[in-house]
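Report on the following structure.
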Amino acid sequence: MLSLTRLLVLLLATGIGASGRKNKYIVPGATWYDTDGQILSAHAGGIVEHEGRWYWFGQNERQEDKDLFSGINVYSSDDLLDWKNEGRALSPVPGTDIAPDLVAERPKAVFDPVNKNWVLWFHSDNSTYGLLRQGVATSPNITGPYEFQKAFSPLGGTSQDFGLFQDVDGSAYALYSNGDDPAAHDNLISRMKPGFTDLEEVVYTFLDFDLEAPAIVFSGKRYYILMSHKTGYRPNNVVVFSAEKLAGPWSIQSYVAPSGTRTFNSQSTMAFAVNGSHETTILYCGDQWATAKDLYESTYIWLPAEVDDRTGSFTIGWHDLYSIDVNTGKVTYPEGQTYEAEDGVVTGSAYKTVCCAQHSLETHCDLIQVFPNSSITIDNIVGTGNPQWVSLYYHNPDGLCTYRRYP
């Protein structure tokens with residue numbers, strides 16, 4: 001039984017969705033379409049900027065693709081809103097460590113100035129996640145196609161979720177947890193060798209933290225590493241640590257979002273800075289995973305972060321939609337009309353009550369409890385006559401009073 005406990009309707013004029021139409025806003029949690037009008041499929045991905053364009057690498061997860069590994073896609077954009085499908089960066093190769101029945105996920109790309117190649121890193125594994133390796137492919141072109149080079153055990157150890165960070169001095173680092181065995185449960189930052197196809201040494205160990213989905217971003221003064229807890233495809237509270245140097249010392253962990261939100265139902269996958277002429281905006285990027293059988297239904301949560309280098313604070317708040325100017329770095333939040341559920345007309349067993357204040361994301365906590373065979377109707381909603389965005393807010397009253405929002 002699903003019990004709606006709060007309802008808000010927000011109407012905003014938008015230009016989202018149809019084939020051939022420019023995206024006007026980034027809409028966290030909504031289905032994202034590429035410039036061909038197709039669903040953008042780049043899950044657990046990584047973004048790199050090159051010659052004025054952004055390139056987004058991610059796992060191909062589509063309903064029609066039944067193989068465990070069906071490829072890694074790459075998209076490009078000059079505004080972070082509209083993404084062109086540049087095709088398959090890496091495709092399965094039967095009989096190798098990137099065969100269709102194996103795992104290649106969480107791709108990240110970096111340019112190798114030594115050999116003038118692009119290097120694509122990823123988590124490499126089998127169907128039971130028993131190999132716990134890292135994989136490398138290379139290409140002279142950023143969009144590929146990439147040629148598989150090897151899968152290996154990093155520094156003789158094991159590796160789960162993979163992340164990659166390139167520092168301002170050009171050095172590159174692999175980010176990963178070393179497994180679930182009793183002797184493991186650590187998270188590592190390891191520097192890559194020149195050429196970026198192998199690892200050189202561990203520069204920091206988060207001893208016995210047992211986290212995954214690592215991502216590092218540099219604000220210009222401090223490093224911030226985001227990691228999530230190990231709960232499979234179920235969302236949890238993503239944590240952040242900060243440091244002045246990659247080798248530490250690192251701060252204690254704190255949540256990036258209100259604890260009852262489970263990071264707005266997302267898992268960290270990457271974070272990057274938009275260095276504009278007026279300001280620098282850091283974006284948190286997460287995957288809102290569906291079930292393991294329906295990964296193609298997963299969506300993306302991109303939200304601007306509030307960063308305070310004095311205290312090492314990195315937090316995100318919820319926004320239904322927003323736009324970002326990649327030239328200036330400024331974020332704009334459109335305004336719309338809000339309708340309160342408490343002003344609606346209820347039928348059946350629905351009634352007005354209050355929410356659990358300790359998890360509320362709003363200072364105003366009146367809500368309508370809705371049960372099966374009951375309803376709430378909000379009248380006098382005035383549209384603009386143009387396509388509009390509608391957001392519904394509600395709580396699903398499980399044990400954590402989880403905040404949820406669906407477009």
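Chain labels A, B, ... are given in the sequence in which chains occur in the structure tokens; within each chain residues are numbered consecutively from 1, and ligands are likewise numbered from 1 in the order shown.
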Shell of 6 Å around stretch 273-283 of chain A, only C-alpha atoms, local chain residues under 6 positions omitted, as a list in words: Leu303, Pro304, Ala305, Asn327, Thr328 and Gly329 of chain A
With C-alpha atoms retained, export the selected residues as a short mmCIF file (atom, residue, chain, number, x, y, z; two decimals), in the first residue's frame.
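For reference, part_9.cif as written:
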data_model
loop_
_atom_site.label_atom_id
_atom_site.label_comp_id
_atom_site.auth_asym_id
_atom_site.auth_seq_id
_atom_site.Cartn_x
_atom_site.Cartn_y
_atom_site.Cartn_z
CA LEU A 303 22.32 18.89 -8.25
CA PRO A 304 24.47 21.98 -7.55
CA ALA A 305 26.53 21.63 -4.39
CA ASN A 327 30.41 30.24 -19.57
CA THR A 328 29.70 32.15 -16.37
CA GLY A 329 29.21 29.18 -14.03
#
For stretch 215-319 of chain A against stretch 33-47 of chain A, with a cut-off of 10 Å and counting only C-alpha atoms, what is the closest atom pair and its distance in Å to one decimal for every residue that makes the cut, ordered by chain and number, as a Markdown table?
| residue | atom | partner | partner_atom | distance |
| --- | --- | --- | --- | --- |
| A:Ala215 | CA | A:Gly46 | CA | 9.4 |
| A:Gln267 | CA | A:Ala44 | CA | 9.0 |
| A:Ser268 | CA | A:Ala44 | CA | 8.4 |
| A:Thr269 | CA | A:Ala44 | CA | 5.4 |
| A:Met270 | CA | A:Gly46 | CA | 6.1 |
| A:Ala271 | CA | A:Ile47 | CA | 8.5 |
| A:Phe272 | CA | A:Ile47 | CA | 7.6 |
| A:Cys285 | CA | A:Gly45 | CA | 9.1 |
| A:Gly286 | CA | A:Ala44 | CA | 7.7 |
| A:Asp287 | CA | A:Ala44 | CA | 6.5 |
| A:Gln288 | CA | A:His43 | CA | 9.4 |
| A:Trp289 | CA | A:His43 | CA | 9.0 |
| A:Leu295 | CA | A:His43 | CA | 8.8 |
| A:Tyr296 | CA | A:Ser41 | CA | 7.7 |
| A:Glu297 | CA | A:Ser41 | CA | 9.6 |
| A:Ser298 | CA | A:His43 | CA | 7.9 |
| A:Thr299 | CA | A:His43 | CA | 8.1 |
| A:Tyr300 | CA | A:His43 | CA | 7.8 |
Go ahead and dump the residues you just picked, N, CA and C atoms, as a compact mmCIF listing (two decimals), in the first residue's frame.
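Below is the file that was written, part33.txt:
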# COMPACT_ATOMS: atom_id res chain seq x y z
N ALA A 215 33.97 9.34 -5.77
CA ALA A 215 34.15 10.43 -6.72
C ALA A 215 34.86 11.57 -6.01
N GLN A 267 22.67 7.35 -5.78
CA GLN A 267 24.01 6.92 -5.39
C GLN A 267 25.02 7.76 -6.14
N SER A 268 26.07 8.18 -5.45
CA SER A 268 27.10 9.00 -6.08
C SER A 268 27.74 8.25 -7.25
N THR A 269 28.01 9.00 -8.31
CA THR A 269 28.74 8.41 -9.44
C THR A 269 29.87 9.30 -9.91
N MET A 270 29.70 10.64 -9.81
CA MET A 270 30.77 11.56 -10.18
C MET A 270 30.42 12.94 -9.63
N ALA A 271 31.42 13.81 -9.62
CA ALA A 271 31.23 15.22 -9.27
C ALA A 271 32.25 16.00 -10.08
N PHE A 272 31.86 17.15 -10.58
CA PHE A 272 32.79 17.94 -11.37
C PHE A 272 32.49 19.43 -11.23
N CYS A 285 26.59 14.42 -9.09
CA CYS A 285 25.91 13.59 -10.08
C CYS A 285 25.73 12.18 -9.52
N GLY A 286 24.50 11.74 -9.45
CA GLY A 286 24.21 10.42 -8.93
C GLY A 286 23.27 9.65 -9.83
N ASP A 287 23.22 8.36 -9.62
CA ASP A 287 22.28 7.49 -10.34
C ASP A 287 21.11 7.16 -9.42
N GLN A 288 19.92 7.32 -9.94
CA GLN A 288 18.71 6.90 -9.23
C GLN A 288 18.36 5.52 -9.77
N TRP A 289 18.98 4.50 -9.16
CA TRP A 289 18.89 3.15 -9.70
C TRP A 289 17.48 2.57 -9.59
N LEU A 295 17.51 -1.93 -14.97
CA LEU A 295 18.44 -0.81 -14.89
C LEU A 295 18.17 0.25 -15.95
N TYR A 296 17.57 -0.14 -17.03
CA TYR A 296 17.27 0.81 -18.11
C TYR A 296 16.28 1.88 -17.65
N GLU A 297 15.56 1.64 -16.58
CA GLU A 297 14.62 2.63 -16.06
C GLU A 297 15.27 3.60 -15.08
N SER A 298 16.55 3.42 -14.81
CA SER A 298 17.25 4.30 -13.88
C SER A 298 17.37 5.71 -14.47
N THR A 299 17.37 6.69 -13.58
CA THR A 299 17.51 8.09 -14.01
C THR A 299 18.70 8.72 -13.29
N TYR A 300 18.93 10.00 -13.57
CA TYR A 300 20.11 10.69 -13.05
C TYR A 300 19.69 11.84 -12.15
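In this model, the gap between atom CA of A:Asp67 and atom CA of A:Thr231 comes to 23.6 Å.
The space between atom CA of A:Ala174 and atom CA of A:Ser254 spans 22.3 Å.
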Which of A:Ser159, A:Asn126, A:Ser91, A:Ser219 sits closest to A:Ser190 [using only C-alpha atoms]: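 For A:Ser190, the nearest of the candidates is A:Ser159.
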Could I get the residues of stretch 26-95 of chain A with an atom no further than 7 Å from an atom of stretch 134-145 of chain A, each paired with its nearest atom pair and that distance in Å to one decimal, using only C-alpha atoms, sorted by chain and residue number, as CSV?
residue,atom,partner,partner_atom,distance
A:Val74,CA,A:Thr143,CA,6.4
A:Glu86,CA,A:Thr143,CA,6.5
A:Arg88,CA,A:Pro145,CA,6.8
A:Ala89,CA,A:Pro145,CA,4.8
A:Leu90,CA,A:Pro145,CA,5.9
Nearest candidate to A:Val168 (options A:Ala184, A:Leu226, A:Val217, A:Ala350; using only C-alpha atoms):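 Once distances to A:Val168 are computed over only C-alpha atoms, the minimum belongs to A:Val217.
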